[in-house]
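Dropping target-v2.cif in here (mmCIF, C-alpha atoms):
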data_data
#
loop_
_atom_site.label_atom_id
_atom_site.label_comp_id
_atom_site.auth_asym_id
_atom_site.auth_seq_id
_atom_site.Cartn_x
_atom_site.Cartn_y
_atom_site.Cartn_z
CA MET A 1 31.55 55.76 19.57
CA ALA A 2 30.61 52.56 17.72
CA ILE A 3 27.22 51.20 18.64
CA ASP A 4 27.32 47.70 20.07
CA ASP A 5 25.55 45.73 17.34
CA GLU A 6 24.56 43.05 19.85
CA ARG A 7 22.37 45.60 21.57
CA ILE A 8 20.30 46.47 18.50
CA PRO A 9 18.15 43.31 18.18
CA LEU A 10 16.73 44.02 21.65
CA THR A 11 14.67 46.86 20.25
CA ASP A 12 14.75 46.07 16.57
CA THR A 13 12.84 43.77 14.26
CA PRO A 14 14.00 42.31 10.95
CA PHE A 15 13.73 44.76 8.11
CA GLU A 16 12.13 43.15 5.11
CA ILE A 17 11.22 44.45 1.70
CA ALA A 18 9.31 42.02 -0.52
CA GLY A 19 10.57 39.07 1.51
CA ARG A 20 14.24 40.07 1.42
CA THR A 21 15.72 40.66 4.87
CA LEU A 22 18.07 43.61 5.14
CA ARG A 23 20.28 44.17 8.15
CA SER A 24 21.13 47.72 7.19
CA ARG A 25 18.37 50.29 7.23
CA LEU A 26 20.48 52.69 5.20
CA ILE A 27 20.31 52.42 1.42
CA LEU A 28 23.06 54.29 -0.37
CA GLY A 29 22.57 56.25 -3.57
CA THR A 30 25.72 56.15 -5.68
CA GLY A 31 25.21 59.54 -7.33
CA GLY A 32 27.65 62.38 -6.78
CA PHE A 33 30.75 60.51 -5.62
CA PRO A 34 33.73 62.04 -7.40
CA ARG A 35 35.66 58.76 -7.51
CA LEU A 36 34.76 55.08 -7.50
CA ASP A 37 37.19 54.30 -4.68
CA THR A 38 35.48 56.93 -2.51
CA LEU A 39 32.15 55.31 -3.31
CA ALA A 40 33.51 51.90 -2.30
CA GLU A 41 34.83 53.28 0.98
CA ALA A 42 31.51 55.02 1.66
CA ILE A 43 29.64 51.75 1.05
CA ARG A 44 31.81 50.07 3.67
CA ALA A 45 31.29 52.95 6.11
CA THR A 46 27.50 52.94 5.70
CA ARG A 47 27.34 49.12 5.78
CA ALA A 48 24.66 49.47 3.11
CA GLU A 49 23.54 46.22 1.48
CA LEU A 50 21.50 47.84 -1.24
CA VAL A 51 22.76 50.65 -3.48
CA THR A 52 21.11 52.49 -6.34
CA VAL A 53 22.43 52.74 -9.88
CA ALA A 54 21.18 54.60 -12.93
CA LEU A 55 21.15 53.54 -16.59
CA ARG A 56 22.83 55.84 -19.08
CA ARG A 57 24.23 55.62 -22.58
CA ILE A 58 27.45 53.63 -22.87
CA ASP A 59 30.42 55.97 -23.00
CA ALA A 60 33.11 54.22 -25.04
CA GLY A 61 35.76 56.30 -23.25
CA ALA A 62 34.56 55.59 -19.69
CA ARG A 63 37.14 54.27 -17.26
CA GLY A 64 36.47 51.78 -14.49
CA SER A 65 33.37 49.67 -14.21
CA LEU A 66 30.82 50.75 -11.64
CA VAL A 67 29.27 47.27 -11.64
CA ASP A 68 32.65 45.65 -10.89
CA VAL A 69 33.26 48.03 -7.98
CA LEU A 70 29.80 47.35 -6.55
CA ASP A 71 30.29 43.59 -6.99
CA ASP A 72 33.55 43.79 -5.06
CA CYS A 73 31.66 45.52 -2.24
CA GLY A 74 29.17 42.63 -2.12
CA VAL A 75 26.10 44.87 -2.41
CA GLU A 76 22.84 44.29 -4.23
CA LEU A 77 21.87 46.74 -6.97
CA LEU A 78 18.71 48.78 -6.92
CA PRO A 79 18.38 50.27 -10.41
CA ASN A 80 16.50 53.55 -10.65
CA THR A 81 14.59 55.31 -13.38
CA ALA A 82 16.13 58.70 -12.66
CA GLY A 83 15.61 61.26 -15.38
CA CYS A 84 12.30 59.83 -16.62
CA TYR A 85 9.45 62.31 -17.01
CA THR A 86 6.76 59.92 -18.27
CA ALA A 87 5.37 56.57 -17.19
CA ARG A 88 6.26 55.20 -20.64
CA ASP A 89 9.96 56.11 -20.31
CA ALA A 90 10.13 54.86 -16.72
CA VAL A 91 8.59 51.50 -17.63
CA LEU A 92 11.01 51.03 -20.54
CA THR A 93 13.96 52.03 -18.34
CA ALA A 94 12.87 49.51 -15.69
CA ARG A 95 12.67 46.77 -18.33
CA LEU A 96 16.17 47.67 -19.53
CA ALA A 97 17.46 47.63 -15.96
CA ARG A 98 16.00 44.17 -15.45
CA GLU A 99 17.78 43.01 -18.60
CA ALA A 100 21.07 44.70 -17.62
CA PHE A 101 21.26 43.71 -13.97
CA GLY A 102 19.06 40.63 -13.69
CA THR A 103 16.97 42.11 -10.89
CA GLU A 104 13.23 42.65 -10.68
CA TRP A 105 13.76 45.44 -8.16
CA VAL A 106 13.39 49.02 -9.30
CA LYS A 107 13.47 52.37 -7.60
CA LEU A 108 10.77 54.06 -9.62
CA GLU A 109 11.24 57.76 -10.25
CA VAL A 110 8.97 59.74 -12.53
CA ILE A 111 9.69 63.40 -12.09
CA GLY A 112 7.60 66.41 -12.98
CA ASP A 113 10.11 69.14 -13.69
CA GLU A 114 13.78 69.83 -13.69
CA ARG A 115 13.71 72.67 -11.19
CA THR A 116 12.13 70.77 -8.30
CA LEU A 117 12.66 67.13 -9.38
CA LEU A 118 9.40 66.47 -7.56
CA PRO A 119 7.50 63.32 -8.54
CA ASP A 120 4.74 63.55 -11.14
CA ALA A 121 2.01 61.81 -9.16
CA PRO A 122 -0.34 60.65 -11.97
CA GLU A 123 2.53 59.34 -14.13
CA LEU A 124 4.13 57.69 -11.09
CA LEU A 125 0.97 55.78 -10.26
CA VAL A 126 0.47 54.61 -13.86
CA ALA A 127 4.10 53.41 -14.07
CA ALA A 128 3.91 51.69 -10.68
CA GLU A 129 0.80 49.75 -11.62
CA GLN A 130 2.26 48.70 -14.97
CA LEU A 131 5.55 47.53 -13.45
CA VAL A 132 3.82 45.59 -10.66
CA ASP A 133 1.74 43.87 -13.36
CA GLU A 134 4.98 42.93 -15.15
CA GLY A 135 6.34 41.31 -12.01
CA PHE A 136 8.67 44.04 -10.78
CA THR A 137 9.34 44.77 -7.12
CA VAL A 138 8.55 48.46 -7.20
CA LEU A 139 9.96 50.98 -4.72
CA PRO A 140 8.50 54.34 -5.76
CA TYR A 141 10.06 57.70 -4.97
CA THR A 142 6.97 59.65 -3.98
CA ASN A 143 5.74 62.95 -2.63
CA ASP A 144 5.18 63.24 1.11
CA ASP A 145 1.48 62.75 0.41
CA PRO A 146 -0.30 60.13 2.55
CA ILE A 147 -3.03 59.56 -0.05
CA LEU A 148 -0.58 59.00 -2.89
CA ALA A 149 1.44 56.67 -0.65
CA ARG A 150 -1.71 54.67 0.02
CA ARG A 151 -2.56 54.49 -3.68
CA LEU A 152 0.96 53.25 -4.46
CA GLU A 153 0.62 50.57 -1.81
CA ASP A 154 -2.82 49.64 -3.18
CA VAL A 155 -1.41 48.98 -6.67
CA GLY A 156 1.15 46.62 -5.16
CA CYS A 157 4.34 48.58 -4.49
CA ALA A 158 6.73 46.75 -2.15
CA ALA A 159 7.59 49.92 -0.21
CA VAL A 160 6.94 53.63 -0.41
CA MET A 161 9.76 56.14 -0.48
CA PRO A 162 8.48 59.61 0.38
CA LEU A 163 10.75 62.60 0.07
CA GLY A 164 11.71 64.72 3.04
CA SER A 165 12.41 67.62 0.67
CA PRO A 166 13.56 67.86 -2.97
CA ILE A 167 16.42 65.69 -4.24
CA GLY A 168 19.80 67.15 -3.39
CA SER A 169 18.29 70.11 -1.51
CA GLY A 170 19.58 69.00 1.89
CA MET A 171 16.49 70.66 3.40
CA GLY A 172 15.71 67.73 5.68
CA ILE A 173 12.14 66.72 6.52
CA ARG A 174 9.90 69.69 5.69
CA ASN A 175 6.65 68.01 6.68
CA PRO A 176 7.16 65.61 9.58
CA TYR A 177 3.40 65.60 10.13
CA ASN A 178 2.69 64.13 6.67
CA LEU A 179 5.55 61.67 7.06
CA THR A 180 4.00 60.51 10.35
CA LEU A 181 0.63 60.01 8.63
CA ILE A 182 2.32 57.94 5.91
CA VAL A 183 4.12 55.79 8.49
CA GLN A 184 0.96 55.24 10.53
CA ALA A 185 -1.08 54.10 7.54
CA ALA A 186 1.49 52.11 5.59
CA GLY A 187 1.39 48.34 5.45
CA VAL A 188 4.66 48.26 3.52
CA PRO A 189 8.06 49.63 4.57
CA VAL A 190 8.49 53.40 4.43
CA ILE A 191 11.92 54.60 3.32
CA LEU A 192 12.73 58.28 3.53
CA ASP A 193 14.16 59.20 0.15
CA ALA A 194 15.62 62.60 -0.69
CA GLY A 195 16.22 65.67 1.37
CA VAL A 196 18.66 64.38 3.98
CA GLY A 197 21.31 67.04 4.51
CA THR A 198 23.07 65.74 7.57
CA ALA A 199 22.93 63.06 10.23
CA SER A 200 20.14 64.59 12.33
CA ASP A 201 17.74 64.45 9.34
CA ALA A 202 18.29 60.69 9.06
CA ALA A 203 17.83 60.25 12.82
CA LEU A 204 14.56 62.21 12.71
CA ALA A 205 13.23 60.03 9.88
CA MET A 206 13.82 56.93 11.96
CA GLU A 207 12.40 58.55 15.11
CA LEU A 208 9.24 59.33 13.15
CA GLY A 209 8.95 55.62 12.40
CA CYS A 210 10.43 55.22 8.93
CA ASP A 211 11.81 51.75 8.30
CA GLY A 212 14.87 53.04 6.51
CA VAL A 213 16.60 55.95 4.83
CA LEU A 214 17.95 56.32 1.32
CA CYS A 215 20.73 58.82 1.09
CA ALA A 216 23.07 59.95 -1.69
CA SER A 217 24.07 63.62 -1.92
CA ALA A 218 24.31 64.19 1.83
CA ILE A 219 27.15 61.66 1.85
CA SER A 220 28.65 61.94 -1.62
CA ARG A 221 28.78 65.75 -1.64
CA ALA A 222 29.84 66.25 1.99
CA ARG A 223 33.27 67.80 2.41
CA ASP A 224 34.37 64.49 3.93
CA PRO A 225 32.07 61.83 2.45
CA ILE A 226 33.50 58.97 4.51
CA ALA A 227 33.06 60.78 7.82
CA MET A 228 29.49 61.67 6.80
CA ALA A 229 28.85 58.05 5.81
CA HIS A 230 29.79 56.97 9.33
CA ALA A 231 27.69 59.80 10.83
CA ILE A 232 24.56 58.95 8.87
CA ARG A 233 24.89 55.24 9.55
CA ALA A 234 25.13 55.98 13.27
CA ALA A 235 22.20 58.41 13.00
CA VAL A 236 19.96 55.81 11.36
CA GLU A 237 20.82 53.36 14.12
CA ALA A 238 20.36 56.02 16.82
CA GLY A 239 17.01 57.10 15.44
CA ARG A 240 15.84 53.52 15.20
CA LEU A 241 16.89 52.82 18.79
CA ALA A 242 15.22 56.01 19.99
CA ARG A 243 12.00 55.10 18.20
CA GLY A 244 12.00 51.71 19.92
CA ALA A 245 12.95 53.20 23.26
CA GLY A 246 9.88 55.47 23.34
CA ARG A 247 10.54 59.16 23.72
CA ILE A 248 9.07 61.21 26.56
CA PRO A 249 6.09 63.41 25.70
CA ARG A 250 6.70 67.03 24.84
CA ARG A 251 5.55 69.35 27.66
CA LEU A 252 5.00 73.07 27.74
CA HIS A 253 6.56 73.43 31.18
CA ALA A 254 9.48 71.90 32.98
CA GLU A 255 9.25 68.69 34.93
CA ALA A 256 12.07 68.26 37.44
CA SER A 257 14.02 65.07 37.13
CA THR A 258 15.16 65.36 40.77
CA THR A 259 12.58 64.79 43.51
CA GLY A 260 11.71 67.72 45.82
CA GLU A 261 11.05 65.39 48.74
CA GLY A 262 13.61 65.78 51.56
CA LEU A 263 14.85 69.07 50.20
CA ALA A 264 16.89 70.98 52.77
CA GLU A 265 15.54 74.34 53.96
CA PHE A 266 18.38 76.79 54.38
CA SER A 267 16.28 79.79 55.17
CA GLY A 268 12.77 80.58 56.36
CA PRO A 269 11.06 81.44 59.66
CA GLU A 270 13.38 81.55 62.69
CA PRO A 271 12.81 78.70 65.18
CA PRO A 272 10.84 79.87 68.32
CA PRO A 273 13.05 81.13 71.18
CA ALA A 274 13.81 78.48 73.86
CA MET B 1 21.00 55.37 -41.38
CA ILE B 2 20.90 53.95 -37.84
CA TRP B 3 20.99 56.19 -34.77
CA LEU B 4 23.22 54.74 -32.07
CA ASN B 5 22.98 56.51 -28.71
CA GLY B 6 21.90 59.67 -30.48
CA HIS B 7 24.68 59.64 -33.07
CA PRO B 8 24.40 58.59 -36.71
CA ALA B 9 26.09 55.23 -37.34
CA GLU B 10 27.21 55.54 -40.99
CA GLY B 11 27.21 52.47 -43.18
CA ARG B 12 25.84 50.17 -40.50
CA ASP B 13 22.49 49.36 -42.11
CA GLY B 14 21.82 45.66 -41.59
CA ALA B 15 24.22 45.39 -38.66
CA THR B 16 23.16 43.34 -35.64
CA VAL B 17 22.87 44.69 -32.12
CA ALA B 18 26.06 42.80 -31.30
CA ASP B 19 27.88 44.57 -34.19
CA LEU B 20 26.78 47.98 -32.92
CA LEU B 21 27.87 47.16 -29.39
CA ALA B 22 31.26 46.14 -30.77
CA ASP B 23 31.46 49.63 -32.35
CA LEU B 24 31.13 50.97 -28.78
CA GLY B 25 33.83 48.60 -27.53
CA ILE B 26 31.35 46.37 -25.71
CA GLU B 27 31.81 42.59 -25.69
CA PRO B 28 28.67 40.44 -26.01
CA THR B 29 29.42 39.07 -22.55
CA ALA B 30 29.70 42.50 -20.88
CA ARG B 31 27.78 42.75 -17.61
CA GLY B 32 25.31 45.49 -16.80
CA VAL B 33 24.42 46.32 -20.40
CA ALA B 34 20.97 46.56 -21.98
CA VAL B 35 19.80 47.61 -25.43
CA ALA B 36 16.54 49.04 -26.74
CA VAL B 37 15.74 49.32 -30.43
CA ASP B 38 12.90 51.71 -31.21
CA GLY B 39 11.71 51.60 -27.62
CA GLU B 40 11.71 47.81 -27.24
CA VAL B 41 14.18 45.82 -25.14
CA VAL B 42 16.30 43.42 -27.17
CA PRO B 43 17.25 40.50 -24.88
CA ARG B 44 20.95 39.66 -24.74
CA ALA B 45 20.43 36.26 -26.40
CA GLU B 46 19.12 38.04 -29.49
CA TRP B 47 21.99 40.51 -29.85
CA PRO B 48 23.98 38.39 -32.38
CA ARG B 49 20.97 37.70 -34.57
CA HIS B 50 18.85 40.82 -34.26
CA PRO B 51 19.39 42.97 -37.39
CA VAL B 52 18.79 46.64 -36.76
CA PRO B 53 16.48 48.12 -39.39
CA GLU B 54 17.18 51.26 -41.41
CA GLY B 55 16.25 54.39 -39.48
CA ALA B 56 16.16 52.62 -36.10
CA ARG B 57 17.01 54.37 -32.90
CA VAL B 58 19.30 52.20 -30.78
CA GLU B 59 19.89 52.97 -27.12
CA ALA B 60 22.78 51.00 -25.59
CA LEU B 61 22.87 51.57 -21.85
CA THR B 62 24.93 50.61 -18.84
CA ALA B 63 25.22 51.32 -15.13
CA MET B 64 26.15 54.81 -14.09
CA GLN B 65 26.29 56.38 -10.66
CA GLY B 66 22.96 57.78 -9.66
CA GLY B 67 20.47 58.47 -6.99
#

For this file, produce the structure as structure tokens.
Amino acid sequence: MAIDDERIPLTDTPFEIAGRTLRSRLILGTGGFPRLDTLAEAIRATRAELVTVALRRIDAGARGSLVDVLDDCGVELLPNTAGCYTARDAVLTARLAREAFGTEWVKLEVIGDERTLLPDAPELLVAAEQLVDEGFTVLPYTNDDPILARRLEDVGCAAVMPLGSPIGSGMGIRNPYNLTLIVQAAGVPVILDAGVGTASDAALAMELGCDGVLCASAISRARDPIAMAHAIRAAVEAGRLARGAGRIPRRLHAEASTTGEGLAEFSGPEPPPA
Amino acid sequence: MIWLNGHPAEGRDGATVADLLADLGIEPTARGVAVAVDGEVVPRAEWPRHPVPEGARVEALTAMQGG
């Protein structure tokens, strides 16, 4: 079942964000894993090189260090600004993340309400511009809106990360048409972020031309997170290969794959009598 | 009174950021920790010498699992 990695470069190109080359097109969100050892095993199964972390108040009674576990896995951290509702809070959180983790990279989230966790577009754009000005490498979680994606790229974001559907909803890609428009117009990598429910959603994102997929809940909250980690890794690779391979056009009617030429005739007009 | 991660820190007026982190069991060399006082980042190098003013709101943060 394993894909022969040697085969992939034939159809693939290096995946770069802000000059950093990534071999894995799957970025893992660390949220929702019940145990740190499950998270570590999932990281290995996904082969992710970049994983997200959040910043929260120090809990004096907390056991086990997330940073130590992630260090042991050899992954790079992508701090997020999850939980921020204003540009001001998101900018401060990004500055704190830079101080805590020594990285300029930030997954910028500025959400509009608790029920949908959808991005607040005006606040997102303000925060993105501010953070780019301060030297951050900004990867914004954004709506599946081609115009907003373009504006985020215009202010200097290193990638755009449109949602397929709301965070944790597992509803897949609700608007593949918009996602296609974003991919076609983008001059920076497009990472599908949020909405993946299962492997086929990740494959579809790659088939539509996304450069990568960020996935958390679909793996961490699956009944068997490790099996799902393998499945989604394979799906990202499959979707990427399929995109490069060039799918056949959709047709309204059938087109036989077997030629009709030379077809035997077993019935029909009787031959003339001798 | 100083507010440390949303809780009142009694009798800690004049403490440094490093003192307050020690109250939380955090060593000054701990990795993945950042501190804001009244909405401004206090760089690690300033923790031992940054006195926290009366009434300040201190947020001491670290890495947690998330999205």

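Residues captured in this structure file are Gly29, Thr30, Gly31, Thr52, Val53, Ala54, Leu55, Arg56, Arg57, Ile58, Ala60, Leu66, Val67, Leu96, Glu99, Ala100, Phe101 and Ala216 of chain A, according to the PyMOL selection byres ((chain A) within 7 of (chain B)).
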
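The spacing separating atom CA of Gly19 of chain A from atom CA of Val183 of chain A amounts to 19.2 Å.
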
Next on the checklist: When the PyMOL selection byres ((chain A and resi 160-163) around 6) is applied to the structure above, which residues does it catch, written out as a PyMOL selection string?
Outcome noted: chain A and resi 139-144+159+164-165+190-194

Item to check | Who sits within 12 Å of Leu131 of chain A, all atoms listed in the file, same chain under 3 positions skipped, as a VMD selection string | outcome: chain A and resid 81 87 to 95 98 104 to 108 124 to 128 134 to 140 152 155 to 158

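When the distance limit is 10 Å and all atoms listed in the file are what count, the residues near Pro166 of chain A, minus those fewer than 2 positions from it on the same chain, are Arg115, Thr116, Leu117, Leu118, Pro119, Asn143, Leu163, Gly164, Gly168, Ser169, Gly170, Met171, Gly172, Ile173, Arg174, Asp193, Ala194, Gly195 and Val196 of chain A.
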
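For the pair atom CA of Asp154 of chain A and atom CA of Val132 of chain A, the separation is 10.8 Å.
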
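In this structure, atom CA of Trp3 of chain B sits 5.9 Å away from atom CA of Val58 of chain B.
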
Next on the checklist: When you look at Asp224 of chain A with a cut-off of 12 Å (counting all atoms listed in the file), what residues show up, excluding the ones that are within fewer than 6 positions of it in the same chain? I need them as a VMD selection string.
Outcome noted: chain A and resid 33 to 34 38 to 39 41 to 42 198 217 to 218 230 to 231

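Picked by the PyMOL selection byres ((chain A and resi 72) around 12) from the coordinates shown: A:Leu36, A:Asp37, A:Leu39, A:Ala40, A:Glu41, A:Ile43, A:Arg44, A:Ser65, A:Leu66, A:Val67, A:Asp68, A:Val69, A:Leu70, A:Asp71, A:Cys73, A:Gly74, A:Val75, A:Glu76.
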
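In terms of minimum interatomic distance to Val213 of chain A, A:Ser200 ranks closest within A:Thr21, A:Thr259, A:Ser200, A:Asn175, counting all atoms listed in the file.
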
As lines of an AutoDock Vina configuration file, please: the centre and edge lengths in Å, to one decimal, of an axis-aligned box enclosing every listed atom of segment 32-39 of chain B with 3 Å added on each side.
center_x = 18.5
center_y = 48.6
center_z = -24.0
size_x = 19.6
size_y = 12.2
size_z = 20.4

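Residues in contact with His50 of chain B at up to 9 Å, not including ones fewer than 6 positions away on its chain and judged by all atoms listed in the file, are Ala15, Thr16, Val17, Ala18 and Val42 of chain B.
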
Would you save the residues of that selection, restricted to C-alpha atoms, as a compact mmCIF listing (two decimals), in the frame of the given file?
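What follows is the written file part.txt:
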# COMPACT_ATOMS: atom_id res chain seq x y z
CA ALA B 15 24.22 45.39 -38.66
CA THR B 16 23.16 43.34 -35.64
CA VAL B 17 22.87 44.69 -32.12
CA ALA B 18 26.06 42.80 -31.30
CA VAL B 42 16.30 43.42 -27.17

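Within 9 Å of the point (19.6, 46.6, -35.2), and counting only C-alpha atoms, the protein, DNA and RNA residues are B:Ile2, B:Arg12, B:Asp13, B:Gly14, B:Ala15, B:Thr16, B:Val17, B:Ala18, B:Asp19, B:Leu20, B:Val37, B:Trp47, B:His50, B:Pro51, B:Val52, B:Pro53, B:Glu54, B:Ala56, B:Arg57, B:Val58.
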
Hey, could you patch up segment 169-178 of chain A with all heavy atoms and hand it over as a PDB file, in the frame of the given file?
ATOM      1  N   SER A 169      18.472  68.792  -2.133  1.00  0.00           N
ATOM      2  CA  SER A 169      18.290  70.110  -1.510  1.00  0.00           C
ATOM      3  C   SER A 169      18.904  70.161  -0.118  1.00  0.00           C
ATOM      4  O   SER A 169      19.223  71.246   0.384  1.00  0.00           O
ATOM      5  CB  SER A 169      16.798  70.470  -1.428  1.00  0.00           C
ATOM      6  OG  SER A 169      16.145  69.657  -0.465  1.00  0.00           O
ATOM      7  N   GLY A 170      19.034  69.014   0.531  1.00  0.00           N
ATOM      8  CA  GLY A 170      19.580  69.000   1.890  1.00  0.00           C
ATOM      9  C   GLY A 170      18.704  69.751   2.881  1.00  0.00           C
ATOM     10  O   GLY A 170      19.172  70.193   3.928  1.00  0.00           O
ATOM     11  N   MET A 171      17.406  69.874   2.560  1.00  0.00           N
ATOM     12  CA  MET A 171      16.490  70.660   3.400  1.00  0.00           C
ATOM     13  C   MET A 171      15.844  69.822   4.495  1.00  0.00           C
ATOM     14  O   MET A 171      14.963  70.318   5.217  1.00  0.00           O
ATOM     15  CB  MET A 171      15.403  71.293   2.521  1.00  0.00           C
ATOM     16  CG  MET A 171      15.940  72.350   1.568  1.00  0.00           C
ATOM     17  SD  MET A 171      16.196  73.918   2.397  1.00  0.00           S
ATOM     18  CE  MET A 171      14.492  74.489   2.473  1.00  0.00           C
ATOM     19  N   GLY A 172      16.232  68.562   4.594  1.00  0.00           N
ATOM     20  CA  GLY A 172      15.710  67.730   5.680  1.00  0.00           C
ATOM     21  C   GLY A 172      14.255  67.356   5.471  1.00  0.00           C
ATOM     22  O   GLY A 172      13.782  67.270   4.341  1.00  0.00           O
ATOM     23  N   ILE A 173      13.548  67.143   6.579  1.00  0.00           N
ATOM     24  CA  ILE A 173      12.140  66.720   6.520  1.00  0.00           C
ATOM     25  C   ILE A 173      11.267  67.945   6.721  1.00  0.00           C
ATOM     26  O   ILE A 173      11.153  68.458   7.833  1.00  0.00           O
ATOM     27  CB  ILE A 173      11.877  65.638   7.585  1.00  0.00           C
ATOM     28  CG1 ILE A 173      12.728  64.393   7.279  1.00  0.00           C
ATOM     29  CG2 ILE A 173      10.390  65.268   7.618  1.00  0.00           C
ATOM     30  CD1 ILE A 173      12.737  63.360   8.383  1.00  0.00           C
ATOM     31  N   ARG A 174      10.669  68.440   5.624  1.00  0.00           N
ATOM     32  CA  ARG A 174       9.900  69.690   5.690  1.00  0.00           C
ATOM     33  C   ARG A 174       8.522  69.472   6.265  1.00  0.00           C
ATOM     34  O   ARG A 174       7.893  70.428   6.724  1.00  0.00           O
ATOM     35  CB  ARG A 174       9.769  70.321   4.278  1.00  0.00           C
ATOM     36  CG  ARG A 174      11.068  70.629   3.560  1.00  0.00           C
ATOM     37  CD  ARG A 174      12.089  71.307   4.450  1.00  0.00           C
ATOM     38  NE  ARG A 174      11.618  72.572   4.991  1.00  0.00           N
ATOM     39  CZ  ARG A 174      12.221  73.231   5.966  1.00  0.00           C
ATOM     40  NH1 ARG A 174      13.304  72.736   6.538  1.00  0.00           N
ATOM     41  NH2 ARG A 174      11.746  74.370   6.388  1.00  0.00           N
ATOM     42  N   ASN A 175       8.004  68.247   6.180  1.00  0.00           N
ATOM     43  CA  ASN A 175       6.650  68.010   6.680  1.00  0.00           C
ATOM     44  C   ASN A 175       6.605  66.730   7.512  1.00  0.00           C
ATOM     45  O   ASN A 175       6.094  65.700   7.075  1.00  0.00           O
ATOM     46  CB  ASN A 175       5.658  67.952   5.521  1.00  0.00           C
ATOM     47  CG  ASN A 175       4.217  68.081   5.998  1.00  0.00           C
ATOM     48  OD1 ASN A 175       3.914  67.780   7.155  1.00  0.00           O
ATOM     49  ND2 ASN A 175       3.334  68.521   5.114  1.00  0.00           N
ATOM     50  N   PRO A 176       7.138  66.806   8.735  1.00  0.00           N
ATOM     51  CA  PRO A 176       7.160  65.610   9.580  1.00  0.00           C
ATOM     52  C   PRO A 176       5.764  65.089   9.891  1.00  0.00           C
ATOM     53  O   PRO A 176       5.577  63.889  10.119  1.00  0.00           O
ATOM     54  CB  PRO A 176       7.882  66.070  10.860  1.00  0.00           C
ATOM     55  CG  PRO A 176       8.001  67.543  10.773  1.00  0.00           C
ATOM     56  CD  PRO A 176       7.807  67.962   9.355  1.00  0.00           C
ATOM     57  N   TYR A 177       4.784  65.997   9.860  1.00  0.00           N
ATOM     58  CA  TYR A 177       3.400  65.600  10.130  1.00  0.00           C
ATOM     59  C   TYR A 177       2.912  64.643   9.030  1.00  0.00           C
ATOM     60  O   TYR A 177       2.381  63.570   9.316  1.00  0.00           O
ATOM     61  CB  TYR A 177       2.534  66.857  10.193  1.00  0.00           C
ATOM     62  CG  TYR A 177       1.062  66.588  10.248  1.00  0.00           C
ATOM     63  CD1 TYR A 177       0.468  66.063  11.398  1.00  0.00           C
ATOM     64  CD2 TYR A 177       0.253  66.859   9.143  1.00  0.00           C
ATOM     65  CE1 TYR A 177      -0.886  65.803  11.432  1.00  0.00           C
ATOM     66  CE2 TYR A 177      -1.103  66.608   9.180  1.00  0.00           C
ATOM     67  CZ  TYR A 177      -1.675  66.081  10.320  1.00  0.00           C
ATOM     68  OH  TYR A 177      -3.016  65.823  10.362  1.00  0.00           O
ATOM     69  N   ASN A 178       3.106  65.027   7.769  1.00  0.00           N
ATOM     70  CA  ASN A 178       2.690  64.130   6.670  1.00  0.00           C
ATOM     71  C   ASN A 178       3.454  62.815   6.711  1.00  0.00           C
ATOM     72  O   ASN A 178       2.892  61.755   6.452  1.00  0.00           O
ATOM     73  CB  ASN A 178       2.939  64.799   5.312  1.00  0.00           C
ATOM     74  CG  ASN A 178       1.716  65.553   4.832  1.00  0.00           C
ATOM     75  OD1 ASN A 178       0.840  65.881   5.631  1.00  0.00           O
ATOM     76  ND2 ASN A 178       1.663  65.814   3.542  1.00  0.00           N
TER      77      ASN A 178
END
